[in-house]
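Encoded as structure tokens, the structure appears first; notes follow it.
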Amino acid sequence: MIGKRQAAATRGAAQRWRRTRPAEVRVDDLMSAAAALFIAKGIEATTIDDIAARAGVAKGTFYHYFSTKADVIIALRTRFAQDFLARVAAAIAERAADDHPGRLSAWLRGAVGTCLANVELHDVVFHDFPHHQRQSQEKDDVIAQIVAVLEDGRKAGIWAFPDARSAALIVFDGMHAVADDAIVAGTRDPEPPCRLLEEMFTRMLAAPRPRS
């Protein structure tokens, strides 16, 4: 009898804790539950009931924060981009402000490492990224991050290019292409693609040396 009472009390405490969690925690729990299910079962096979059950909330709680599964995917896409920016920014911040090649290398290593470590989630949240959304806010934020690194190097005379945004787009798309190729080859080691990208972009961006 005591065991049953203790179990009931534990369940009741857990339920009260779930009901009193802050809204941002509930949203994060729902998103994490959805992400895990989307990866494991696929988007179509995952139901809203599945997501609510995995998050430990009532179905009505899901609808309090999201209208459809598509809304969850959009939220996951935003969170993925924010996490990407934060991780890469942290890698850049570890390099000295005047170490421009090192800061570009840090961006590449942070970006490639994040991509290779989160392939399944990336493929889920960006699986239906249509052409008209290719220039999204998420991508613009990443491009702006690269532009800042490149512009600092250009001001220091390390690099030369006609347009910073175009150069940043080449860096971004080139990074994605090489990372995708590594994924297809079945490797998750970021070191080889990072070395390749560093060499290519260092040569591409290098300012011409003055003639003697």
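Identifiers in the structure tokens: chain A, B, ... in order shown; residue index from 1 per chain; ligand index from 1 in order shown.
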
Using 12 Å as the limit and counting only C-alpha atoms, can you tabulate each residue of region 64-147 of chain A that touches region 42-47 of chain A, with its shortest atom-to-atom distance in Å and the two atoms involved, as JSON lines?
{"residue": "A:Thr68", "atom": "CA", "partner": "A:Thr47", "partner_atom": "CA", "distance": 10.0}
{"residue": "A:Lys69", "atom": "CA", "partner": "A:Ile43", "partner_atom": "CA", "distance": 8.1}
{"residue": "A:Ala70", "atom": "CA", "partner": "A:Ile43", "partner_atom": "CA", "distance": 9.3}
{"residue": "A:Val72", "atom": "CA", "partner": "A:Ile43", "partner_atom": "CA", "distance": 10.6}
{"residue": "A:Ile73", "atom": "CA", "partner": "A:Ile43", "partner_atom": "CA", "distance": 9.2}
{"residue": "A:Glu120", "atom": "CA", "partner": "A:Gly42", "partner_atom": "CA", "distance": 10.7}
{"residue": "A:Leu121", "atom": "CA", "partner": "A:Gly42", "partner_atom": "CA", "distance": 11.0}
{"residue": "A:Asp123", "atom": "CA", "partner": "A:Gly42", "partner_atom": "CA", "distance": 10.8}
{"residue": "A:Val124", "atom": "CA", "partner": "A:Ile43", "partner_atom": "CA", "distance": 7.8}
{"residue": "A:Val125", "atom": "CA", "partner": "A:Ile43", "partner_atom": "CA", "distance": 9.7}
{"residue": "A:Phe126", "atom": "CA", "partner": "A:Ile43", "partner_atom": "CA", "distance": 11.8}
{"residue": "A:His127", "atom": "CA", "partner": "A:Ile43", "partner_atom": "CA", "distance": 9.9}
{"residue": "A:Asp128", "atom": "CA", "partner": "A:Ile43", "partner_atom": "CA", "distance": 11.1}

Store the residues picked out above, limited to N, CA, C and O atoms, as a PDB file, in the first residue's frame.
ATOM      1  N   THR A  68       0.033  23.446 -36.197  1.00  0.00           N
ATOM      2  CA  THR A  68       0.265  22.270 -37.024  1.00  0.00           C
ATOM      3  C   THR A  68       1.691  21.773 -36.834  1.00  0.00           C
ATOM      4  O   THR A  68       2.539  22.445 -36.220  1.00  0.00           O
ATOM      5  N   LYS A  69       1.982  20.613 -37.403  1.00  0.00           N
ATOM      6  CA  LYS A  69       3.355  20.111 -37.401  1.00  0.00           C
ATOM      7  C   LYS A  69       4.262  21.040 -38.200  1.00  0.00           C
ATOM      8  O   LYS A  69       5.451  21.186 -37.878  1.00  0.00           O
ATOM      9  N   ALA A  70       3.705  21.668 -39.231  1.00  0.00           N
ATOM     10  CA  ALA A  70       4.506  22.588 -40.037  1.00  0.00           C
ATOM     11  C   ALA A  70       5.026  23.745 -39.190  1.00  0.00           C
ATOM     12  O   ALA A  70       6.158  24.227 -39.392  1.00  0.00           O
ATOM     13  N   VAL A  72       5.817  23.561 -36.085  1.00  0.00           N
ATOM     14  CA  VAL A  72       6.928  23.030 -35.291  1.00  0.00           C
ATOM     15  C   VAL A  72       8.199  22.988 -36.132  1.00  0.00           C
ATOM     16  O   VAL A  72       9.289  23.315 -35.658  1.00  0.00           O
ATOM     17  N   ILE A  73       8.062  22.589 -37.391  1.00  0.00           N
ATOM     18  CA  ILE A  73       9.226  22.521 -38.274  1.00  0.00           C
ATOM     19  C   ILE A  73       9.838  23.908 -38.462  1.00  0.00           C
ATOM     20  O   ILE A  73      11.066  24.067 -38.433  1.00  0.00           O
ATOM     21  N   GLU A 120      20.976  14.538 -39.417  1.00  0.00           N
ATOM     22  CA  GLU A 120      19.586  14.075 -39.400  1.00  0.00           C
ATOM     23  C   GLU A 120      18.619  15.214 -39.108  1.00  0.00           C
ATOM     24  O   GLU A 120      17.584  15.354 -39.771  1.00  0.00           O
ATOM     25  N   LEU A 121      18.950  16.032 -38.103  1.00  0.00           N
ATOM     26  CA  LEU A 121      18.064  17.148 -37.754  1.00  0.00           C
ATOM     27  C   LEU A 121      18.018  18.170 -38.883  1.00  0.00           C
ATOM     28  O   LEU A 121      16.949  18.684 -39.222  1.00  0.00           O
ATOM     29  N   ASP A 123      18.416  17.667 -42.063  1.00  0.00           N
ATOM     30  CA  ASP A 123      17.628  17.140 -43.173  1.00  0.00           C
ATOM     31  C   ASP A 123      16.128  17.177 -42.875  1.00  0.00           C
ATOM     32  O   ASP A 123      15.319  17.357 -43.778  1.00  0.00           O
ATOM     33  N   VAL A 124      15.777  17.025 -41.606  1.00  0.00           N
ATOM     34  CA  VAL A 124      14.364  17.080 -41.232  1.00  0.00           C
ATOM     35  C   VAL A 124      13.815  18.497 -41.358  1.00  0.00           C
ATOM     36  O   VAL A 124      12.783  18.724 -41.976  1.00  0.00           O
ATOM     37  N   VAL A 125      14.511  19.457 -40.774  1.00  0.00           N
ATOM     38  CA  VAL A 125      13.940  20.805 -40.715  1.00  0.00           C
ATOM     39  C   VAL A 125      14.063  21.564 -42.035  1.00  0.00           C
ATOM     40  O   VAL A 125      13.327  22.526 -42.265  1.00  0.00           O
ATOM     41  N   PHE A 126      14.991  21.134 -42.895  1.00  0.00           N
ATOM     42  CA  PHE A 126      15.141  21.817 -44.177  1.00  0.00           C
ATOM     43  C   PHE A 126      14.738  20.921 -45.343  1.00  0.00           C
ATOM     44  O   PHE A 126      15.102  21.194 -46.490  1.00  0.00           O
ATOM     45  N   HIS A 127      13.961  19.876 -45.061  1.00  0.00           N
ATOM     46  CA  HIS A 127      13.638  18.882 -46.101  1.00  0.00           C
ATOM     47  C   HIS A 127      12.803  19.459 -47.230  1.00  0.00           C
ATOM     48  O   HIS A 127      12.903  19.026 -48.374  1.00  0.00           O
ATOM     49  N   ASP A 128      11.963  20.447 -46.924  1.00  0.00           N
ATOM     50  CA  ASP A 128      11.061  20.990 -47.950  1.00  0.00           C
ATOM     51  C   ASP A 128      11.333  22.457 -48.219  1.00  0.00           C
ATOM     52  O   ASP A 128      10.427  23.214 -48.537  1.00  0.00           O
TER      53      ASP A 128
END

What's the 9 Å shell around His176 (chain A), counting only C-alpha atoms, without same-chain residues fewer than 5 positions away, as a compact mmCIF listing (two decimals) with N, CA and C atoms, in the first residue's frame?
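Okay, this is what ended up in result_22.txt:
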# COMPACT_ATOMS: atom_id res chain seq x y z
N ALA A 111 31.24 25.61 -38.58
CA ALA A 111 30.14 25.33 -39.49
C ALA A 111 30.14 23.87 -39.93
N VAL A 112 31.29 23.39 -40.39
CA VAL A 112 31.37 22.00 -40.86
C VAL A 112 31.10 21.03 -39.71
N CYS A 115 27.38 21.00 -38.99
CA CYS A 115 26.64 20.31 -40.06
C CYS A 115 26.81 18.80 -39.97
N VAL A 171 31.63 31.20 -49.89
CA VAL A 171 32.13 30.48 -48.72
C VAL A 171 31.03 29.59 -48.14
N ASP A 181 29.26 16.42 -49.45
CA ASP A 181 30.04 15.37 -50.10
C ASP A 181 30.64 14.42 -49.06

List the spatial neighbours of region 48-52 of chain A as a PDB file with C-alpha atoms, in the first residue's frame - criterion: any atom at most 6 Å away, only C-alpha atoms, same-chain residues fewer than 6 positions off excluded.
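Produced file selection07.pdb, reproduced below:
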ATOM      1  CA  ALA A  33      10.082  15.720 -28.785  1.00  0.00           C
ATOM      2  CA  ALA A  34       8.992  16.528 -32.327  1.00  0.00           C
ATOM      3  CA  ALA A  58      -1.763  16.996 -23.033  1.00  0.00           C
ATOM      4  CA  LYS A  59      -2.621  17.339 -26.711  1.00  0.00           C
TER       5      LYS A  59
END

- Message: Just checking: using only C-alpha atoms, which residue out of A:Ser105, A:Ser67, A:Ser32, A:Thr78 ends up closest to Phe201 (chain A)?
- Response: A:Ser105

- Task: Within 12 Å of Arg95 (chain A), counting only C-alpha atoms, which residues show up once you throw out same-chain ones fewer than 5 positions away? Write them as a ChimeraX atom specification, please.
- Result: /A:88-90,100-107,149

Go ahead and save the residues from that selection, with all heavy atoms, as a tab-separated table (two decimals), in the first residue's frame.
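Saved file selection08.tsv follows:
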chain	number	residue	atom	x	y	z
A	88	VAL	N	29.16	28.80	-33.97
A	88	VAL	CA	30.20	29.34	-34.84
A	88	VAL	C	30.76	30.64	-34.25
A	88	VAL	O	31.97	30.88	-34.29
A	88	VAL	CB	29.65	29.56	-36.26
A	88	VAL	CG1	30.69	30.25	-37.12
A	88	VAL	CG2	29.25	28.23	-36.88
A	89	ALA	N	29.89	31.47	-33.70
A	89	ALA	CA	30.34	32.71	-33.08
A	89	ALA	C	31.29	32.42	-31.92
A	89	ALA	O	32.29	33.13	-31.74
A	89	ALA	CB	29.15	33.53	-32.60
A	90	ALA	N	31.01	31.39	-31.15
A	90	ALA	CA	31.88	31.01	-30.04
A	90	ALA	C	33.25	30.56	-30.55
A	90	ALA	O	34.28	30.89	-29.96
A	90	ALA	CB	31.22	29.91	-29.21
A	100	HIS	N	42.86	37.10	-38.83
A	100	HIS	CA	41.78	36.98	-39.80
A	100	HIS	C	41.71	35.60	-40.45
A	100	HIS	O	40.62	35.02	-40.55
A	100	HIS	CB	41.90	38.09	-40.84
A	100	HIS	CG	41.94	39.45	-40.22
A	100	HIS	ND1	40.86	39.99	-39.56
A	100	HIS	CD2	42.95	40.36	-40.11
A	100	HIS	CE1	41.18	41.18	-39.09
A	100	HIS	NE2	42.44	41.43	-39.41
A	101	PRO	N	42.84	35.02	-40.88
A	101	PRO	CA	42.77	33.64	-41.39
A	101	PRO	C	42.27	32.67	-40.33
A	101	PRO	O	41.51	31.74	-40.62
A	101	PRO	CB	44.21	33.34	-41.79
A	101	PRO	CG	44.82	34.69	-42.07
A	101	PRO	CD	44.19	35.59	-41.06
A	102	GLY	N	42.70	32.88	-39.07
A	102	GLY	CA	42.26	32.01	-38.00
A	102	GLY	C	40.78	32.13	-37.73
A	102	GLY	O	40.11	31.14	-37.41
A	103	ARG	N	40.24	33.34	-37.87
A	103	ARG	CA	38.80	33.54	-37.63
A	103	ARG	C	37.97	32.91	-38.76
A	103	ARG	O	36.90	32.36	-38.51
A	103	ARG	CB	38.51	35.04	-37.49
A	103	ARG	CG	39.03	35.60	-36.17
A	103	ARG	CD	39.01	37.11	-36.13
A	103	ARG	NE	37.66	37.64	-35.96
A	103	ARG	CZ	37.03	37.75	-34.79
A	103	ARG	NH1	37.62	37.35	-33.67
A	103	ARG	NH2	35.82	38.26	-34.71
A	104	LEU	N	38.49	32.99	-39.99
A	104	LEU	CA	37.80	32.31	-41.08
A	104	LEU	C	37.86	30.80	-40.88
A	104	LEU	O	36.87	30.09	-41.09
A	104	LEU	CB	38.42	32.69	-42.43
A	104	LEU	CG	37.82	31.99	-43.65
A	104	LEU	CD1	36.33	32.29	-43.79
A	104	LEU	CD2	38.57	32.40	-44.93
A	105	SER	N	39.04	30.32	-40.46
A	105	SER	CA	39.18	28.89	-40.19
A	105	SER	C	38.23	28.46	-39.08
A	105	SER	O	37.62	27.39	-39.15
A	105	SER	CB	40.63	28.59	-39.77
A	105	SER	OG	40.76	27.25	-39.35
A	106	ALA	N	38.08	29.31	-38.06
A	106	ALA	CA	37.17	28.99	-36.96
A	106	ALA	C	35.73	28.92	-37.45
A	106	ALA	O	34.96	28.04	-37.02
A	106	ALA	CB	37.30	30.03	-35.85
A	107	TRP	N	35.36	29.83	-38.36
A	107	TRP	CA	34.00	29.77	-38.91
A	107	TRP	C	33.79	28.47	-39.67
A	107	TRP	O	32.79	27.78	-39.47
A	107	TRP	CB	33.73	30.95	-39.85
A	107	TRP	CG	32.29	30.95	-40.28
A	107	TRP	CD1	31.25	31.59	-39.66
A	107	TRP	CD2	31.72	30.23	-41.38
A	107	TRP	NE1	30.06	31.30	-40.31
A	107	TRP	CE2	30.32	30.47	-41.36
A	107	TRP	CE3	32.24	29.41	-42.38
A	107	TRP	CZ2	29.45	29.91	-42.31
A	107	TRP	CZ3	31.37	28.85	-43.31
A	107	TRP	CH2	29.99	29.11	-43.28
A	149	VAL	N	33.48	38.65	-40.90
A	149	VAL	CA	34.82	38.08	-40.85
A	149	VAL	C	35.63	38.51	-42.07
A	149	VAL	O	36.79	38.92	-41.96
A	149	VAL	CB	34.76	36.54	-40.77
A	149	VAL	CG1	36.15	35.92	-40.91
A	149	VAL	CG2	34.12	36.11	-39.45

- Item | Counting only C-alpha atoms, the residue of A:Ala117, A:Ala97, A:Leu85, A:Ile74 that sits nearest Ala144 (chain A) |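 Among the listed residues, A:Leu85 lies closest to Ala144 (chain A).
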